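Everything below belongs to model_28.pdb, which stores PDB, C-alpha atoms.
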MODEL        1
ATOM      1  CA  MET A   1     -10.487 -10.663   4.298
ATOM      2  CA  LYS A   2      -7.075 -11.662   5.649
ATOM      3  CA  THR A   3      -5.214  -8.600   6.837
ATOM      4  CA  VAL A   4      -2.676  -8.124   9.599
ATOM      5  CA  SER A   5      -1.778  -4.837  11.231
ATOM      6  CA  LEU A   6       1.818  -3.673  10.993
ATOM      7  CA  VAL A   7       3.279  -0.579  12.605
ATOM      8  CA  ALA A   8       5.984   1.096  10.531
ATOM      9  CA  THR A   9       8.378   3.880  11.442
ATOM     10  CA  GLY A  10       7.395   6.428   8.870
ATOM     11  CA  ASN A  11       6.015   5.606   5.491
ATOM     12  CA  MET A  12       7.908   2.582   4.312
ATOM     13  CA  PRO A  13       6.094   0.407   1.754
ATOM     14  CA  THR A  14       6.354  -2.568   4.068
ATOM     15  CA  ASP A  15       3.635  -5.200   3.938
ATOM     16  CA  ILE A  16       2.575  -7.993   6.169
ATOM     17  CA  THR A  17      -0.083 -10.511   5.344
ATOM     18  CA  GLU A  18      -0.675 -14.128   6.295
ATOM     19  CA  GLY A  19       2.405 -13.940   8.532
ATOM     20  CA  VAL A  20       4.859 -12.784   5.880
ATOM     21  CA  LEU A  21       6.695  -9.531   5.485
ATOM     22  CA  VAL A  22       7.346  -8.255   2.005
ATOM     23  CA  ARG A  23      10.376  -6.357   0.764
ATOM     24  CA  LYS A  24      10.017  -2.969  -0.855
ATOM     25  CA  SER A  25      10.556  -4.658  -4.215
ATOM     26  CA  GLY A  26       7.559  -6.882  -3.606
ATOM     27  CA  LEU A  27       9.594 -10.055  -3.069
ATOM     28  CA  PRO A  28       8.567 -11.663   0.207
ATOM     29  CA  VAL A  29      10.764 -13.098   2.884
ATOM     30  CA  VAL A  30       9.690 -14.500   6.207
ATOM     31  CA  LEU A  31      10.126 -12.042   9.053
ATOM     32  CA  PHE A  32      12.113  -9.427   7.132
ATOM     33  CA  ALA A  33      12.096  -7.328  10.291
ATOM     34  CA  ALA A  34      14.630  -4.741   9.160
ATOM     35  CA  MET A  35      11.923  -3.146   7.036
ATOM     36  CA  ALA A  36       9.809  -2.205  10.052
ATOM     37  CA  ALA A  37      11.506  -1.345  13.299
ATOM     38  CA  ALA A  38       9.214  -0.872  16.281
ATOM     39  CA  VAL A  39       7.550   2.517  16.654
ATOM     40  CA  PRO A  40       8.086   4.231  20.023
ATOM     41  CA  ALA A  41       5.124   3.829  22.346
ATOM     42  CA  HIS A  42       4.258   7.554  22.150
ATOM     43  CA  ALA A  43       4.176   7.697  18.344
ATOM     44  CA  GLU A  44       0.795   8.290  16.729
ATOM     45  CA  THR A  45      -0.236   6.543  13.538
ATOM     46  CA  LEU A  46      -2.861   6.494  10.822
ATOM     47  CA  PRO A  47      -4.218   3.178   9.479
ATOM     48  CA  ILE A  48      -3.685   2.633   5.763
ATOM     49  CA  GLU A  49      -5.649  -0.236   4.218
ATOM     50  CA  ALA A  50      -3.914  -1.093   0.973
ATOM     51  CA  VAL A  51      -3.495  -3.698  -1.735
ATOM     52  CA  TYR A  52       0.000  -4.206  -3.129
ATOM     53  CA  PRO A  53       0.827  -5.884  -6.452
ATOM     54  CA  ALA A  54       1.768  -9.461  -7.171
ATOM     55  CA  GLY A  55       5.254 -10.150  -8.459
ATOM     56  CA  SER A  56       3.921 -11.428 -11.795
ATOM     57  CA  ASP A  57       1.342  -9.553 -13.865
ATOM     58  CA  ASN A  58       0.665 -12.722 -15.867
ATOM     59  CA  LEU A  59      -0.322 -14.674 -12.763
ATOM     60  CA  ALA A  60      -2.235 -11.862 -11.082
ATOM     61  CA  ILE A  61      -4.828 -11.626 -13.855
ATOM     62  CA  LEU A  62      -5.745 -15.332 -13.719
ATOM     63  CA  ASN A  63      -8.949 -16.487 -12.031
ATOM     64  CA  THR A  64      -8.681 -20.274 -12.073
ATOM     65  CA  LEU A  65      -5.658 -22.494 -11.487
ATOM     66  CA  ARG A  66      -5.088 -26.201 -11.828
ATOM     67  CA  MET A  67      -2.479 -27.843  -9.614
ATOM     68  CA  GLY A  68      -0.643 -30.273 -11.863
ATOM     69  CA  SER A  69       2.183 -32.697 -11.147
ATOM     70  CA  PHE A  70       5.203 -31.793  -8.996
ATOM     71  CA  ASN A  71       8.305 -33.962  -9.336
ATOM     72  CA  GLY A  72      11.048 -34.778  -6.841
ATOM     73  CA  ARG A  73      11.072 -36.250  -3.351
ATOM     74  CA  ASP A  74       9.713 -32.988  -1.936
ATOM     75  CA  GLY A  75       7.542 -32.022  -4.886
ATOM     76  CA  SER A  76       4.253 -33.238  -3.417
ATOM     77  CA  SER A  77       4.908 -31.356  -0.159
ATOM     78  CA  LEU A  78       5.585 -28.107  -2.017
ATOM     79  CA  ALA A  79       2.464 -28.623  -4.149
ATOM     80  CA  LEU A  80       0.275 -29.085  -1.057
ATOM     81  CA  GLU A  81       1.757 -26.054   0.709
ATOM     82  CA  LEU A  82       1.377 -23.846  -2.364
ATOM     83  CA  GLU A  83      -2.168 -25.031  -2.997
ATOM     84  CA  GLN A  84      -3.132 -24.091   0.572
ATOM     85  CA  GLN A  85      -1.468 -20.691   0.258
ATOM     86  CA  LEU A  86      -3.342 -19.942  -2.960
ATOM     87  CA  ARG A  87      -6.674 -21.145  -1.562
ATOM     88  CA  ASN A  88      -6.226 -18.723   1.344
ATOM     89  CA  VAL A  89      -5.661 -15.653  -0.850
ATOM     90  CA  SER A  90      -8.474 -13.172  -0.302
ATOM     91  CA  VAL A  91      -8.617  -9.573  -1.492
ATOM     92  CA  ARG A  92     -11.360  -7.206  -0.366
ATOM     93  CA  GLY A  93     -13.448 -10.002   1.017
ATOM     94  CA  GLU A  94     -13.363 -12.289  -2.031
ATOM     95  CA  ALA A  95     -11.396 -15.442  -2.737
ATOM     96  CA  TYR A  96      -8.904 -14.590  -5.455
ATOM     97  CA  TYR A  97      -8.544 -17.980  -7.132
ATOM     98  CA  GLN A  98     -10.623 -21.031  -7.839
ATOM     99  CA  ILE A  99      -8.328 -24.033  -7.513
ATOM    100  CA  PHE A 100      -8.665 -27.376  -9.321
ATOM    101  CA  VAL A 101      -6.512 -30.411  -8.564
ATOM    102  CA  GLY A 102      -5.457 -33.162 -10.974
ATOM    103  CA  GLY A 103      -6.522 -33.768 -14.531
ATOM    104  CA  GLY A 104      -9.970 -33.456 -16.074
ATOM    105  CA  GLY A 105     -12.759 -31.169 -15.009
ATOM    106  CA  PRO A 106     -13.237 -27.483 -15.934
ATOM    107  CA  ARG A 107     -10.633 -25.688 -17.983
ATOM    108  CA  ALA A 108      -8.313 -23.498 -15.894
ATOM    109  CA  ASP A 109      -6.629 -20.228 -16.861
ATOM    110  CA  GLY A 110      -3.295 -21.695 -15.832
ATOM    111  CA  THR A 111      -1.835 -25.083 -14.936
ATOM    112  CA  VAL A 112       0.803 -25.091 -12.194
ATOM    113  CA  THR A 113       3.595 -27.683 -12.213
ATOM    114  CA  GLY A 114       6.993 -27.866 -10.585
ATOM    115  CA  SER A 115       9.568 -29.852  -8.674
ATOM    116  CA  ALA A 116      11.372 -29.793  -5.338
ATOM    117  CA  TYR A 117      14.498 -31.639  -4.220
ATOM    118  CA  SER A 118      16.222 -31.355  -0.857
ATOM    119  CA  SER A 119      19.819 -32.239  -0.051
ATOM    120  CA  VAL A 120      22.008 -32.165   3.057
ATOM    121  CA  GLU A 121      25.742 -31.474   3.199
ATOM    122  CA  ASN A 122      27.884 -31.832   6.334
ATOM    123  CA  ASN A 123      31.393 -30.384   6.517
ATOM    124  CA  VAL A 124      33.843 -30.316   9.405
ATOM    125  CA  GLU A 125      34.619 -26.810  10.635
ATOM    126  CA  ILE A 126      37.178 -25.990  13.335
ATOM    127  CA  VAL A 127      36.201 -23.208  15.713
ATOM    128  CA  GLN A 128      38.591 -21.602  18.172
ATOM    129  CA  GLU A 129      37.351 -20.872  21.672
ATOM    130  CA  THR A 130      38.979 -19.444  24.770
ATOM    131  CA  GLU A 131      38.645 -21.383  28.005
ATOM    132  CA  CYS A 132      39.804 -20.734  31.536
ATOM    133  CA  VAL A 133      42.423 -23.158  32.895
ATOM    134  CA  ALA A 134      43.159 -21.532  36.255
ATOM    135  CA  LYS A 135      41.282 -19.350  38.753
ATOM    136  CA  ASN A 136      42.341 -17.540  41.910
ATOM    137  CA  ASP A 137      40.779 -18.046  45.331
ATOM    138  CA  LYS A 138      38.075 -15.504  44.453
ATOM    139  CA  GLY A 139      36.999 -17.457  41.388
ATOM    140  CA  LYS A 140      38.506 -15.015  38.890
ATOM    141  CA  CYS A 141      40.174 -16.498  35.830
ATOM    142  CA  ILE A 142      43.925 -15.912  35.896
ATOM    143  CA  GLU A 143      45.001 -18.136  33.015
ATOM    144  CA  LYS A 144      43.333 -18.852  29.672
ATOM    145  CA  ARG A 145      44.100 -20.887  26.605
ATOM    146  CA  VAL A 146      42.776 -21.164  23.076
ATOM    147  CA  VAL A 147      41.383 -24.540  22.099
ATOM    148  CA  ASN A 148      40.157 -25.918  18.789
ATOM    149  CA  ILE A 149      36.605 -27.239  18.750
ATOM    150  CA  ARG A 150      35.561 -29.690  16.035
ATOM    151  CA  CYS A 151      32.133 -28.672  14.751
ATOM    152  CA  THR A 152      29.936 -29.582  11.797
ATOM    153  CA  ARG A 153      28.574 -27.097   9.280
ATOM    154  CA  ARG A 154      25.219 -28.511   8.175
ATOM    155  CA  SER A 155      23.746 -27.034   5.011
ATOM    156  CA  VAL A 156      20.250 -28.023   3.948
ATOM    157  CA  THR A 157      19.276 -26.997   0.396
ATOM    158  CA  LEU A 158      15.868 -27.018  -1.232
ATOM    159  CA  THR A 159      16.027 -26.594  -4.999
ATOM    160  CA  TYR A 160      12.633 -25.951  -6.507
ATOM    161  CA  THR A 161      11.073 -24.996  -9.816
ATOM    162  CA  LEU A 162       7.675 -23.709 -10.829
ATOM    163  CA  SER A 163       5.955 -23.321 -14.173
ATOM    164  CA  VAL A 164       2.516 -22.019 -15.125
ATOM    165  CA  VAL A 165       1.154 -22.534 -18.633
ATOM    166  CA  SER A 166      -2.040 -21.384 -20.321
ATOM    167  CA  PRO A 167      -4.606 -23.791 -21.869
ATOM    168  CA  ARG A 168      -2.902 -23.153 -25.228
ATOM    169  CA  GLY A 169       0.487 -24.137 -23.859
ATOM    170  CA  GLU A 170       1.879 -20.608 -23.523
ATOM    171  CA  ARG A 171       4.349 -20.260 -20.660
ATOM    172  CA  LEU A 172       2.961 -17.617 -18.324
ATOM    173  CA  TYR A 173       5.574 -17.937 -15.603
ATOM    174  CA  SER A 174       8.626 -19.993 -14.722
ATOM    175  CA  MET A 175      11.321 -19.899 -12.085
ATOM    176  CA  SER A 176      14.012 -22.050 -10.526
ATOM    177  CA  LYS A 177      15.986 -21.307  -7.387
ATOM    178  CA  PRO A 178      17.754 -22.866  -4.417
ATOM    179  CA  SER A 179      16.963 -22.012  -0.815
ATOM    180  CA  VAL A 180      19.629 -22.814   1.788
ATOM    181  CA  THR A 181      19.699 -23.007   5.569
ATOM    182  CA  SER A 182      23.113 -23.398   7.192
ATOM    183  CA  ASN A 183      23.832 -24.199  10.843
ATOM    184  CA  LEU A 184      27.069 -24.644  12.763
ATOM    185  CA  ILE A 185      26.649 -27.566  15.161
ATOM    186  CA  CYS A 186      29.252 -27.912  17.907
ATOM    187  CA  PRO A 187      29.481 -30.329  20.877
ATOM    188  CA  GLN A 188      27.797 -27.776  23.141
ATOM    189  CA  THR A 189      25.069 -26.821  20.640
ATOM    190  CA  TYR A 190      21.619 -27.590  21.987
ATOM    191  CA  ASN A 191      18.136 -27.719  20.426
ATOM    192  CA  VAL A 192      19.368 -28.577  16.939
ATOM    193  CA  ALA A 193      16.370 -28.913  14.633
ATOM    194  CA  PRO A 194      16.131 -32.296  12.884
ATOM    195  CA  VAL A 195      16.824 -32.242   9.151
ATOM    196  CA  GLU A 196      13.194 -33.126   8.430
ATOM    197  CA  VAL A 197      12.011 -30.056  10.325
ATOM    198  CA  VAL A 198      14.445 -27.799   8.449
ATOM    199  CA  ILE A 199      13.301 -29.171   5.088
ATOM    200  CA  ALA A 200       9.646 -28.672   6.035
ATOM    201  CA  SER A 201      10.422 -25.070   6.972
ATOM    202  CA  LEU A 202      12.184 -24.436   3.654
ATOM    203  CA  ILE A 203       9.207 -25.865   1.765
ATOM    204  CA  SER A 204       6.759 -23.737   3.727
ATOM    205  CA  ASN A 205       8.826 -20.596   3.151
ATOM    206  CA  ALA A 206       9.106 -21.347  -0.579
ATOM    207  CA  ALA A 207       5.325 -21.713  -0.866
ATOM    208  CA  ARG A 208       4.783 -18.397   0.922
ATOM    209  CA  GLU A 209       7.241 -16.635  -1.377
ATOM    210  CA  LEU A 210       5.551 -18.087  -4.441
ATOM    211  CA  ARG A 211       2.131 -16.992  -3.175
ATOM    212  CA  PHE A 212       3.218 -13.355  -3.572
ATOM    213  CA  GLU A 213       4.222 -13.973  -7.165
ATOM    214  CA  PHE A 214       0.666 -15.106  -7.917
ATOM    215  CA  ALA A 215      -1.670 -12.581  -6.323
ATOM    216  CA  PRO A 216      -1.804  -9.093  -4.793
ATOM    217  CA  ALA A 217      -1.681  -8.797  -1.009
ATOM    218  CA  GLN A 218      -4.114  -6.817   1.121
ATOM    219  CA  VAL A 219      -2.465  -5.119   4.065
ATOM    220  CA  ARG A 220      -3.391  -2.860   6.952
ATOM    221  CA  THR A 221      -0.378  -0.725   7.816
ATOM    222  CA  ASP A 222      -0.302   1.781  10.663
ATOM    223  CA  ILE A 223       1.900   4.639   9.426
ATOM    224  CA  ARG A 224       3.454   7.141  11.779
ATOM    225  CA  VAL A 225       2.191  10.680  11.312
ATOM    226  CA  LYS A 226       4.472  13.717  11.337
ATOM    227  CA  GLU A 227       4.414  15.606  14.643
ATOM    228  CA  GLY A 228       6.699  18.581  13.912
ATOM    229  CA  THR A 229       5.240  21.962  14.908
ATOM    230  CA  SER A 230       8.056  24.207  13.678
ATOM    231  CA  GLY A 231       6.470  27.163  11.853
ATOM    232  CA  LEU A 232       3.182  26.916  13.770
ATOM    233  CA  GLN A 233       2.034  29.239  16.514
ATOM    234  CA  GLY A 234      -1.032  29.952  18.593
ATOM    235  CA  ALA A 235      -4.285  28.392  17.418
ATOM    236  CA  ALA A 236      -2.644  26.619  14.469
ATOM    237  CA  LYS A 237      -0.135  24.867  16.727
ATOM    238  CA  LYS A 238      -2.837  23.846  19.194
ATOM    239  CA  THR A 239      -5.107  22.556  16.444
ATOM    240  CA  PHE A 240      -2.272  20.575  14.874
ATOM    241  CA  LYS A 241      -1.503  18.899  18.219
ATOM    242  CA  ASN A 242      -5.182  18.170  18.750
ATOM    243  CA  GLY A 243      -5.142  16.404  15.403
ATOM    244  CA  ILE A 244      -2.208  14.258  16.521
ATOM    245  CA  ALA A 245      -4.065  13.319  19.707
ATOM    246  CA  ALA A 246      -7.255  12.550  17.768
ATOM    247  CA  THR A 247      -5.561   9.797  15.751
ATOM    248  CA  LYS A 248      -6.017   7.503  18.758
ATOM    249  CA  ARG A 249      -9.802   7.671  18.675
ATOM    250  CA  ASN A 250     -11.110   9.298  15.475
ATOM    251  CA  VAL A 251      -9.103   9.477  12.260
ATOM    252  CA  ALA A 252     -11.756  11.565  10.480
ATOM    253  CA  SER A 253     -11.580  14.156  13.262
ATOM    254  CA  ALA A 254      -7.781  14.253  13.034
ATOM    255  CA  CYS A 255      -7.928  14.848   9.279
ATOM    256  CA  LYS A 256     -10.506  17.626   9.740
ATOM    257  CA  LEU A 257      -8.281  19.373  12.283
ATOM    258  CA  TRP A 258      -5.246  19.201   9.963
ATOM    259  CA  THR A 259      -7.377  20.687   7.169
ATOM    260  CA  GLU A 260      -8.027  23.669   9.470
ATOM    261  CA  VAL A 261      -4.290  23.986  10.124
ATOM    262  CA  ASP A 262      -3.598  23.973   6.377
ATOM    263  CA  TYR A 263      -6.059  26.851   5.987
ATOM    264  CA  LEU A 264      -4.409  28.839   8.804
ATOM    265  CA  VAL A 265      -0.799  28.076   7.814
ATOM    266  CA  PRO A 266      -0.441  26.920   4.199
ATOM    267  CA  ASN A 267       2.642  24.964   3.142
ATOM    268  CA  HIS A 268       3.438  23.457   6.545
ATOM    269  CA  ALA A 269       5.184  20.251   5.490
ATOM    270  CA  PRO A 270       4.108  17.966   8.398
ATOM    271  CA  THR A 271       0.478  19.062   7.951
ATOM    272  CA  LEU A 272       0.585  18.360   4.222
ATOM    273  CA  PHE A 273       2.164  14.952   4.796
ATOM    274  CA  ASN A 274      -0.517  14.002   7.336
ATOM    275  CA  LEU A 275      -3.246  15.165   4.971
ATOM    276  CA  GLY A 276      -1.623  12.979   2.321
ATOM    277  CA  LEU A 277      -2.076  10.009   4.634
ATOM    278  CA  CYS A 278      -5.719  11.005   5.096
ATOM    279  CA  ALA A 279      -6.268  11.089   1.333
ATOM    280  CA  GLU A 280      -4.466   7.796   0.833
ATOM    281  CA  SER A 281      -6.570   6.197   3.566
ATOM    282  CA  ASP A 282      -9.651   7.262   1.548
ATOM    283  CA  ARG A 283      -8.086   5.800  -1.661
ATOM    284  CA  ASP A 284      -7.905   9.265  -3.196
ATOM    285  CA  TYR A 285      -4.539   8.538  -4.784
ATOM    286  CA  ASP A 286      -4.402  11.654  -6.959
ATOM    287  CA  LYS A 287      -4.909  13.982  -4.000
ATOM    288  CA  ALA A 288      -2.474  11.981  -1.880
ATOM    289  CA  GLU A 289       0.169  12.211  -4.598
ATOM    290  CA  GLN A 290      -0.250  15.986  -4.861
ATOM    291  CA  LEU A 291       0.143  16.388  -1.096
ATOM    292  CA  TYR A 292       3.202  14.133  -0.904
ATOM    293  CA  ARG A 293       4.835  15.988  -3.802
ATOM    294  CA  ARG A 294       4.193  19.335  -2.118
ATOM    295  CA  THR A 295       5.702  17.940   1.086
ATOM    296  CA  ALA A 296       8.793  16.774  -0.775
ATOM    297  CA  GLU A 297       9.176  20.150  -2.495
ATOM    298  CA  LEU A 298       8.957  22.020   0.819
ATOM    299  CA  ASP A 299      11.377  19.705   2.601
ATOM    300  CA  ARG A 300      13.920  18.036   0.316
ATOM    301  CA  SER A 301      15.163  15.900   3.221
ATOM    302  CA  GLU A 302      11.689  14.447   3.828
ATOM    303  CA  ARG A 303      12.247  10.826   2.813
ATOM    304  CA  TYR A 304       8.829   9.716   4.074
ATOM    305  CA  ALA A 305       7.134  11.741   1.351
ATOM    306  CA  THR A 306       9.315  10.133  -1.318
ATOM    307  CA  GLU A 307       8.627   6.683   0.103
ATOM    308  CA  SER A 308       4.919   7.490   0.097
ATOM    309  CA  LEU A 309       5.059   8.297  -3.609
ATOM    310  CA  GLU A 310       6.769   4.956  -4.236
ATOM    311  CA  ARG A 311       4.065   3.203  -2.262
ATOM    312  CA  LEU A 312       1.339   4.942  -4.256
ATOM    313  CA  ALA A 313       2.947   3.721  -7.491
ATOM    314  CA  ARG A 314       2.806   0.166  -6.196
ATOM    315  CA  ARG A 315      -0.805   0.578  -5.138
ATOM    316  CA  ARG A 316      -1.740   1.848  -8.591
ATOM    317  CA  LYS A 317      -0.066  -1.178 -10.145
ATOM    318  CA  ALA A 318      -2.072  -3.425  -7.819
ATOM    319  CA  GLU A 319      -5.298  -1.723  -8.887
ATOM    320  CA  GLN A 320      -4.400  -2.385 -12.530
ATOM    321  CA  GLN A 321      -3.845  -6.069 -11.733
ATOM    322  CA  LEU A 322      -7.175  -6.235  -9.888
ATOM    323  CA  ALA A 323      -8.969  -4.605 -12.814
ATOM    324  CA  MET A 324      -7.507  -7.095 -15.309
ATOM    325  CA  HIS A 325      -8.327  -9.964 -12.944
ATOM    326  CA  ALA A 326     -11.959  -8.779 -12.695
ATOM    327  CA  SER A 327     -12.298  -8.244 -16.456
ATOM    328  CA  ARG A 328     -11.271 -11.853 -17.177
ATOM    329  CA  ARG A 329     -13.837 -13.081 -14.661
ATOM    330  CA  THR A 330     -16.671 -11.405 -16.522
ATOM    331  CA  ARG A 331     -15.756 -12.833 -19.934
TER     332      ARG A 331
ENDMDL
END

Same coordinates, now as structure tokens:
Amino acid sequence: MKTVSLVATGNMPTDITEGVLVRKSGLPVVLFAAMAAAVPAHAETLPIEAVYPAGSDNLAILNTLRMGSFNGRDGSSLALELEQQLRNVSVRGEAYYQIFVGGGGPRADGTVTGSAYSSVENNVEIVQETECVAKNDKGKCIEKRVVNIRCTRRSVTLTYTLSVVSPRGERLYSMSKPSVTSNLICPQTYNVAPVEVVIASLISNAARELRFEFAPAQVRTDIRVKEGTSGLQGAAKKTFKNGIAATKRNVASACKLWTEVDYLVPNHAPTLFNLGLCAESDRDYDKAEQLYRRTAELDRSERYATESLERLARRRKAEQQLAMHASRRTR
């Protein structure tokens, strides 16, 4: 089971698996860090083990894939990278796909073909810089001038396509897109990556993006609990805080303590939200949804509850994909 822990500020449906962060929409990008800023060291969290849906329902339900021909000077490299990505997909302890390579052999649910072409474009770009032309006896600049620096704008483009067809020739999936990396290289620019390295990186990134189109992703996300005590007093306030502290060592104990708070002070939004996380952690999606909706009704400004409901919708879609995937396996 390949899962990676990610700490999120609140309840954002942000995923990380096999070194890749995934946008809220489900489309992956490498290191999309804006989705998950660092949580302060004092913040307490609850672990949520979840499976999020693949980008394509048609691909997610397949069990066997055949890697066919990939055209273009970079086609074979993309095929190898994608094959490795798909072989590494594991959900709940089981390999998701059985991969065949080349022609002949067992019939596959889908045959994967594609192409990849890289190109490099260099254009002159003039950059203005300010330099010091005179200093005083204390080393302070007293005269400056603007100079033009001749630089090169290097753009490396990888244009790739992918197609998956069924044994009967039905097109299950197709896409075509360019991926571009642009760098400004000036006389004083150091550590410029060779073109070959940039192309290899673009190919690797493309394969990782495509992996998320094929199969769901299993993720362990540490979500920040709500710590607000407004509206609580006495024993209820103390018990709520004890629950926050318990998240460090015993999640079940924390959830039990928040249940006691809910009994003492019903309709306390932070308590309900935290109990929603407890239910979601147990995969009780119906209960979690009820608790998040109650939280949102009590506090209209509570965006975490709304984001939690969005995440639950994605998780339900993933479960549907997993069910279809399993049903095809048993045929």

Using only C-alpha atoms, determine which residues lie at most 7 Å from Ile61 (chain A), disregarding the query and same-chain residues fewer than 4 positions distant; provide the list as a PyMOL selection string. chain A and resi 57+321+324-325

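You will find CA of Ser118 (chain A) at 22.0 Å from CA of Glu213 (chain A).
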
Could you tell me which residues the PyMOL selection byres ((chain A and resi 266) around 12) grabs in this file, written as number ranges by chain? A: 231-232, 236, 258-265, 267-272, 291, 294-295, 298

From A:Pro187, A:Leu162, A:Val89, A:Ile99, residue lying nearest Glu125 (chain A) [all atoms listed in the file]: A:Pro187

At a cut-off of 7 Å around the point (0.3, -6.3, -8.2) (file coordinates), what residues fall inside when counting only C-alpha atoms? I'd like the answer as a ChimeraX atom specification. /A:52-55,57,60,215-216,317-318,321

Would you list the contacts of Pro178 (chain A) as a PyMOL selection string, taking every protein, DNA or RNA residue within 9 Å and counting all atoms listed in the file, but skipping same-chain residues closer than 2 positions in sequence? chain A and resi 157-161+176+180

CA of Leu86 (chain A) and CA of Leu322 (chain A) are how many Å apart? 15.8 Å

Using the chain letters and numbers from the file, which residues does the PyMOL selection byres ((chain A and resi 70-75) around 8) grab, as a list in words? Gly68, Ser69, Ser76, Ser77, Leu78, Ala79, Thr113, Gly114, Ser115, Ala116, Tyr117 and Ser118 of chain A

Result set of the PyMOL selection byres ((chain A and resi 130) around 12) on the coordinates above, as a tab-separated table (two decimals) with C-alpha atoms, in the frame of the given file:
chain	number	residue	atom	x	y	z
A	127	VAL	CA	36.20	-23.21	15.71
A	128	GLN	CA	38.59	-21.60	18.17
A	129	GLU	CA	37.35	-20.87	21.67
A	131	GLU	CA	38.65	-21.38	28.00
A	132	CYS	CA	39.80	-20.73	31.54
A	133	VAL	CA	42.42	-23.16	32.90
A	141	CYS	CA	40.17	-16.50	35.83
A	143	GLU	CA	45.00	-18.14	33.02
A	144	LYS	CA	43.33	-18.85	29.67
A	145	ARG	CA	44.10	-20.89	26.60
A	146	VAL	CA	42.78	-21.16	23.08
A	147	VAL	CA	41.38	-24.54	22.10
A	148	ASN	CA	40.16	-25.92	18.79
A	149	ILE	CA	36.60	-27.24	18.75

CA of Arg92 (chain A) to CA of Leu277 (chain A): how many Å, to one decimal?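 Distance reported for this atom pair: 20.2 Å.
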
Any idea what's packed within 12 Å of Arg316 (chain A), counting only C-alpha atoms, ignoring anything in its chain fewer than 4 positions away? Could you give it as a list of chain:residue names? A:Ala50, A:Val51, A:Tyr52, A:Pro53, A:Ala54, A:Pro216, A:Glu280, A:Arg283, A:Asp284, A:Tyr285, A:Asp286, A:Glu289, A:Leu309, A:Glu310, A:Arg311, A:Leu312, A:Gln320, A:Gln321, A:Leu322, A:Ala323

Neighbour residues at most 12 Å from (-8.8, 6.9, 14.7) (all atoms listed in the file) as a PyMOL selection string: chain A and resi 44-48+222+243-256+278+281

Under the rule that only C-alpha atoms are counted, which of A:Gly139, A:Gly276, A:Gly104, A:Gly110 is the nearest residue to Arg171 (chain A)?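 Under the stated criterion, the closest residue is A:Gly110.
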
Using all atoms of region 227-242 of chain A that appear in the file, construct an axis-aligned enclosing box with 6 Å of padding on every side and provide its centre coordinates and edge lengths in Å, rounded to one decimal, as AutoDock Vina command-line options.
--center_x 1.4 --center_y 22.8 --center_z 15.5 --size_x 25.2 --size_y 26.3 --size_z 19.3

For Leu82 (chain A), please output as a PyMOL selection string all residues within 10 Å (counting all atoms listed in the file; exclusion window: fewer than 4 positions along the same chain). chain A and resi 67+76-78+86-88+112+203-211

Put those residues in a file: C-alpha atoms, as a compact mmCIF listing (two decimals), in the coordinates of the input.
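Output below, filename again_31.txt:
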# COMPACT_ATOMS: atom_id res chain seq x y z
CA MET A 67 -2.48 -27.84 -9.61
CA SER A 76 4.25 -33.24 -3.42
CA SER A 77 4.91 -31.36 -0.16
CA LEU A 78 5.58 -28.11 -2.02
CA LEU A 86 -3.34 -19.94 -2.96
CA ARG A 87 -6.67 -21.14 -1.56
CA ASN A 88 -6.23 -18.72 1.34
CA VAL A 112 0.80 -25.09 -12.19
CA ILE A 203 9.21 -25.86 1.76
CA SER A 204 6.76 -23.74 3.73
CA ASN A 205 8.83 -20.60 3.15
CA ALA A 206 9.11 -21.35 -0.58
CA ALA A 207 5.32 -21.71 -0.87
CA ARG A 208 4.78 -18.40 0.92
CA GLU A 209 7.24 -16.64 -1.38
CA LEU A 210 5.55 -18.09 -4.44
CA ARG A 211 2.13 -16.99 -3.18

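Checking A:Glu81, A:Glu170, A:Glu302, A:Asp282 one by one against Gly228 (chain A), counting all atoms listed in the file, you find the shortest gap at A:Glu302.
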
Please complete region 135-142 of chain A with N, CA and C atoms and give it back as an mmCIF file, in the frame of the given file.
data_model
loop_
_atom_site.group_PDB
_atom_site.id
_atom_site.type_symbol
_atom_site.label_atom_id
_atom_site.label_comp_id
_atom_site.auth_asym_id
_atom_site.auth_seq_id
_atom_site.Cartn_x
_atom_site.Cartn_y
_atom_site.Cartn_z
ATOM 1 N N LYS A 135 41.974 -20.448 38.068
ATOM 2 C CA LYS A 135 41.282 -19.350 38.753
ATOM 3 C C LYS A 135 41.946 -19.091 40.088
ATOM 4 N N ASN A 136 41.814 -17.858 40.586
ATOM 5 C CA ASN A 136 42.341 -17.540 41.910
ATOM 6 C C ASN A 136 41.327 -17.929 42.983
ATOM 7 N N ASP A 137 41.654 -17.632 44.232
ATOM 8 C CA ASP A 137 40.779 -18.046 45.331
ATOM 9 C C ASP A 137 39.446 -17.310 45.345
ATOM 10 N N LYS A 138 39.347 -16.233 44.560
ATOM 11 C CA LYS A 138 38.075 -15.504 44.453
ATOM 12 C C LYS A 138 37.254 -15.941 43.233
ATOM 13 N N GLY A 139 37.726 -16.942 42.536
ATOM 14 C CA GLY A 139 36.999 -17.457 41.388
ATOM 15 C C GLY A 139 37.248 -16.710 40.098
ATOM 16 N N LYS A 140 38.198 -15.762 40.097
ATOM 17 C CA LYS A 140 38.506 -15.015 38.890
ATOM 18 C C LYS A 140 39.525 -15.753 38.052
ATOM 19 N N CYS A 141 39.277 -15.802 36.731
ATOM 20 C CA CYS A 141 40.174 -16.498 35.830
ATOM 21 C C CYS A 141 41.511 -15.774 35.742
ATOM 22 N N ILE A 142 42.588 -16.525 35.952
ATOM 23 C CA ILE A 142 43.925 -15.912 35.896
ATOM 24 C C ILE A 142 44.776 -16.512 34.767
#
